[in-house]
Amino acid sequence: MTAVVFIHGTGVREPGFSALAGRFAAGVSALRGGLRVVPYYWGGAHGAALAAGGASLPPATGTGRGPLAPGPGDDDTADWAVLYADPYAELALAAAGSAPAEELPPGSVPPDLRVRARLADLLAEGDGPAAELGPGLARAVADLAAHPLLAPAAASLAPDDLAEVAARCLTAQVVAGLLDTDAPLVPVGVTRDAVVGRLAAVLGASARGAERGVRSLALRVASSAASRAVVRRRRALTEAAHPAAGDVLRYLSRGEAVRAGLRALIAGLEPPVAIVAHSLGGIIALDTLVLTPLPQVRLLVTAGSQAPFLYESGSLPSLEHPASLPAHVPDWLNLYDPRDLLSYLGAGLFPGRVTDIAVDSRQPFPAAHSAYWTNSEVYRHIGERLP
C-alpha cells in the first residue's frame, strides 16, 4: 500500500488544516484506491506566532494625527495605491460619466484641445518637471496625450479638474515605473504632491497651493474604507492571514525541528512512500530529502513551490547553487500555476531530475496559490505518477 505524506504550506493552522487534509485525501483517493494518506501538520508545533502578543505591531495610526477615522479629513494613501496600480483610473471614471460624443458646432474648440497643447509643451521639457521623482515623465506625457480616455474625460471635467486629474495620472505613472523596476528610492508623499501641483499648474489648473490630493469620490469610496479596515486589522492579518512570511522566516532560521519531525514520520511508514507538499511544505520536503537519504520515498510532488527559487538565489538551506541534486533524491514532480506568483520551475535548474507541469486554476493571484487542492488536474497528475 502506497503511503502519501501530505505537507501543508505557510499560514495553515487548525481547524483549516484538517479541512485541507481531508480535501486532499478525498481528491487523491478518488483517482487511486488503496492509498494511505498521512498528513504532516507542522504549523501547530513549528509555525510562527507572535510570542509577546503582538508587542511589535505599531498602533493603527495614519499620518501622525492619531487613529484613522473615516471622512474627508482622512489621508489619500489608499487612493494613490489605486493610481499606482492603474494610473488611468480617475480618467476612466471621468470618461464613464461623460455624455455621448456629439458633433461640435462650427468654430467650437474640443474640450481636450487645450490640455493636449499643454501636454505637447510639457513633453518638450522631458523628465525635468518631475526630476525629483525619477525618470519617466516624458514617456508618461506621450502616453497620456495618445490615450483614448483623454477626450471623453475632458468632456466631463471642468478644465481645472482635468488638469489635476491629468497631473495625478502622470505622477502615478512615474512612481509606478519606479515600483515596477524595484527602484531602491521612492519619493515621499510630500514630494509627490509637490510634483502634482507643479504639473497641474503647467496643464492649466488655477493656483491653489502645492498639495493636490486625490479628490475622486469614486476612488475614495472604493479604497479608503478598505484601507482603514486593513490598518485596524493589522494584528489579525499578521497573526492569522499573514503568518505566511513568519513561517518562512522561522523555517529558514530554525528549520531542523520541522525536518526532524518529517524524518520521524517517514521512518514509521512502509514503502513505497510519496510526499505531496504545498508551498513552504515543498521546501521542507526537499530540504529533508537532500540532507537525509530516505530510500522508502519514491516520489516527491510539490505544488506552488518556492524551492527552485530559493535554490537559484542561494537561500535553500540544504543545497547551494550550482551544486547538483543528490542522486538519492527521488523523482520530483513540480506542479505550478502560471498565475501563481509564488510558484517556480525546477527543470531548468536540475535537468532530467524535475518534471514541471503547468495547471490552470483560472484564479488570479493570490487565490491561485491556494487553489491547487480543488483542481482536478492536480490530482490527475499526482495519480498518474504515484508508485
# chains A, B, ... in the order shown; residues from 1 in each chain; ligands from 1
>>> residues_around(residues="stretch 308-318 of chain A", least_positions_apart="5", cutoff="7 Å", atoms="only C-alpha atoms", output="PDB file with all heavy atoms, in the first residue's frame")
ATOM      1  N   LEU A 252      13.454  29.108   7.774  1.00  0.00           N
ATOM      2  CA  LEU A 252      14.794  29.343   7.251  1.00  0.00           C
ATOM      3  C   LEU A 252      15.816  29.551   8.362  1.00  0.00           C
ATOM      4  O   LEU A 252      17.007  29.271   8.191  1.00  0.00           O
ATOM      5  CB  LEU A 252      14.794  30.555   6.310  1.00  0.00           C
ATOM      6  CG  LEU A 252      14.026  30.358   4.994  1.00  0.00           C
ATOM      7  CD1 LEU A 252      14.050  31.640   4.176  1.00  0.00           C
ATOM      8  CD2 LEU A 252      14.600  29.199   4.178  1.00  0.00           C
ATOM      9  N   ASP A 287      14.354  19.912   1.342  1.00  0.00           N
ATOM     10  CA  ASP A 287      15.495  20.004   2.257  1.00  0.00           C
ATOM     11  C   ASP A 287      15.705  18.687   2.994  1.00  0.00           C
ATOM     12  O   ASP A 287      16.840  18.208   3.138  1.00  0.00           O
ATOM     13  CB  ASP A 287      15.272  21.126   3.279  1.00  0.00           C
ATOM     14  CG  ASP A 287      15.687  22.481   2.749  1.00  0.00           C
ATOM     15  OD1 ASP A 287      16.519  22.543   1.827  1.00  0.00           O
ATOM     16  OD2 ASP A 287      15.194  23.497   3.278  1.00  0.00           O
ATOM     17  N   VAL A 290      17.144  16.071   0.616  1.00  0.00           N
ATOM     18  CA  VAL A 290      18.525  16.358   0.228  1.00  0.00           C
ATOM     19  C   VAL A 290      19.478  16.018   1.358  1.00  0.00           C
ATOM     20  O   VAL A 290      20.542  15.411   1.148  1.00  0.00           O
ATOM     21  CB  VAL A 290      18.673  17.841  -0.182  1.00  0.00           C
ATOM     22  CG1 VAL A 290      20.153  18.229  -0.308  1.00  0.00           C
ATOM     23  CG2 VAL A 290      17.959  18.106  -1.498  1.00  0.00           C
ATOM     24  N   LEU A 291      19.100  16.395   2.570  1.00  0.00           N
ATOM     25  CA  LEU A 291      20.000  16.242   3.708  1.00  0.00           C
ATOM     26  C   LEU A 291      20.059  14.813   4.241  1.00  0.00           C
ATOM     27  O   LEU A 291      21.070  14.415   4.830  1.00  0.00           O
ATOM     28  CB  LEU A 291      19.567  17.190   4.842  1.00  0.00           C
ATOM     29  CG  LEU A 291      19.720  18.685   4.539  1.00  0.00           C
ATOM     30  CD1 LEU A 291      19.043  19.525   5.615  1.00  0.00           C
ATOM     31  CD2 LEU A 291      21.195  19.058   4.422  1.00  0.00           C
ATOM     32  N   TYR A 344       7.404  28.250  -8.834  1.00  0.00           N
ATOM     33  CA  TYR A 344       8.627  28.378  -9.621  1.00  0.00           C
ATOM     34  C   TYR A 344       8.948  27.044 -10.312  1.00  0.00           C
ATOM     35  O   TYR A 344       8.398  26.003  -9.962  1.00  0.00           O
ATOM     36  CB  TYR A 344       9.787  28.815  -8.725  1.00  0.00           C
ATOM     37  CG  TYR A 344       9.600  30.212  -8.185  1.00  0.00           C
ATOM     38  CD1 TYR A 344       8.884  30.433  -7.001  1.00  0.00           C
ATOM     39  CD2 TYR A 344      10.110  31.318  -8.865  1.00  0.00           C
ATOM     40  CE1 TYR A 344       8.687  31.719  -6.515  1.00  0.00           C
ATOM     41  CE2 TYR A 344       9.922  32.599  -8.381  1.00  0.00           C
ATOM     42  CZ  TYR A 344       9.210  32.794  -7.215  1.00  0.00           C
ATOM     43  OH  TYR A 344       9.013  34.067  -6.736  1.00  0.00           O
ATOM     44  N   LEU A 345       9.855  27.106 -11.283  1.00  0.00           N
ATOM     45  CA  LEU A 345      10.203  25.961 -12.108  1.00  0.00           C
ATOM     46  C   LEU A 345      11.529  25.355 -11.667  1.00  0.00           C
ATOM     47  O   LEU A 345      12.466  26.072 -11.305  1.00  0.00           O
ATOM     48  CB  LEU A 345      10.304  26.376 -13.575  1.00  0.00           C
ATOM     49  CG  LEU A 345       9.077  27.075 -14.164  1.00  0.00           C
ATOM     50  CD1 LEU A 345       9.322  27.430 -15.626  1.00  0.00           C
ATOM     51  CD2 LEU A 345       7.844  26.202 -14.016  1.00  0.00           C
ATOM     52  N   GLY A 346      11.612  24.012 -11.757  1.00  0.00           N
ATOM     53  CA  GLY A 346      12.824  23.331 -11.341  1.00  0.00           C
ATOM     54  C   GLY A 346      13.576  22.631 -12.440  1.00  0.00           C
ATOM     55  O   GLY A 346      14.767  22.334 -12.284  1.00  0.00           O
TER      56      GLY A 346
END
>>> residues_around(residues="A:Trp373", least_positions_apart="2", cutoff="7 Å", atoms="only C-alpha atoms", output="ChimeraX atom specification")
/A:24,371,375
>>> closest_atom_pairs(of="stretch 244-350 of chain A", to="stretch 44-59 of chain A", cutoff="10 Å", atoms="only C-alpha atoms", output="CSV")
residue,atom,partner,partner_atom,distance
A:Ala244,CA,A:Ala48,CA,8.2
A:Ala245,CA,A:Ala48,CA,8.7
A:Gly246,CA,A:Ala48,CA,5.2
A:Asp247,CA,A:Ala48,CA,4.9
A:Val248,CA,A:Ala48,CA,8.4
A:Leu249,CA,A:Ala48,CA,8.3
A:Arg250,CA,A:Ala48,CA,6.2
A:Tyr251,CA,A:Gly47,CA,8.0
A:Arg254,CA,A:His46,CA,9.0
A:Gly255,CA,A:His46,CA,8.4
A:Ala257,CA,A:His46,CA,7.5
A:Val258,CA,A:His46,CA,6.5
A:Gly261,CA,A:His46,CA,9.7
>>> atom_distance(atom1="atom CA of A:Leu149", atom2="atom CA of A:Ala124")
22.1 Å
>>> residues_around(residues="A:Thr288", least_positions_apart="2", cutoff="8 Å", atoms="only C-alpha atoms", output="JSON, numbers by chain")
{"A": [259, 262, 263, 284, 285, 286, 290, 291, 292, 318]}
>>> atom_distance(atom1="atom CA of A:Leu150", atom2="atom CA of A:Ser206")
19.7 Å
>>> residues_around(residues="stretch 1-12 of chain A", least_positions_apart="4", cutoff="6 Å", atoms="only C-alpha atoms", output="number ranges by chain")
A: 17, 35-40, 243-244, 247, 272-281
>>> closest_atom_pairs(of="stretch 276-312 of chain A", to="stretch 376-387 of chain A", cutoff="8 Å", atoms="only C-alpha atoms", output="Markdown table")
| residue | atom | partner | partner_atom | distance |
| --- | --- | --- | --- | --- |
| A:Arg298 | CA | A:Pro387 | CA | 6.8 |
| A:Leu299 | CA | A:Leu386 | CA | 7.0 |
| A:Val301 | CA | A:Ile382 | CA | 7.4 |
>>> closest_residue(among="A:Ala367, A:Ala201, A:Val141, A:Ala153", to="A:Ala92", atoms="only C-alpha atoms")
A:Ala153
>>> atom_distance(atom1="atom CA of A:Asp112", atom2="atom CA of A:Pro87")
18.4 Å
>>> residues_around(residues="A:Ala94", least_positions_apart="3", cutoff="9 Å", atoms="only C-alpha atoms", output="PyMOL selection string")
chain A and resi 89-91+97-98+149+152-157
>>> select_by_dssp(residues="stretch 171-200 of chain A", states="helix (DSSP H, G or I)", output="list in words")
Thr171, Ala172, Gln173, Val174, Val175, Ala176, Gly177, Leu178, Leu179, Asp180, Gly189, Val190, Thr191, Arg192, Asp193, Ala194, Val195, Val196, Gly197, Arg198, Leu199 and Ala200 of chain A
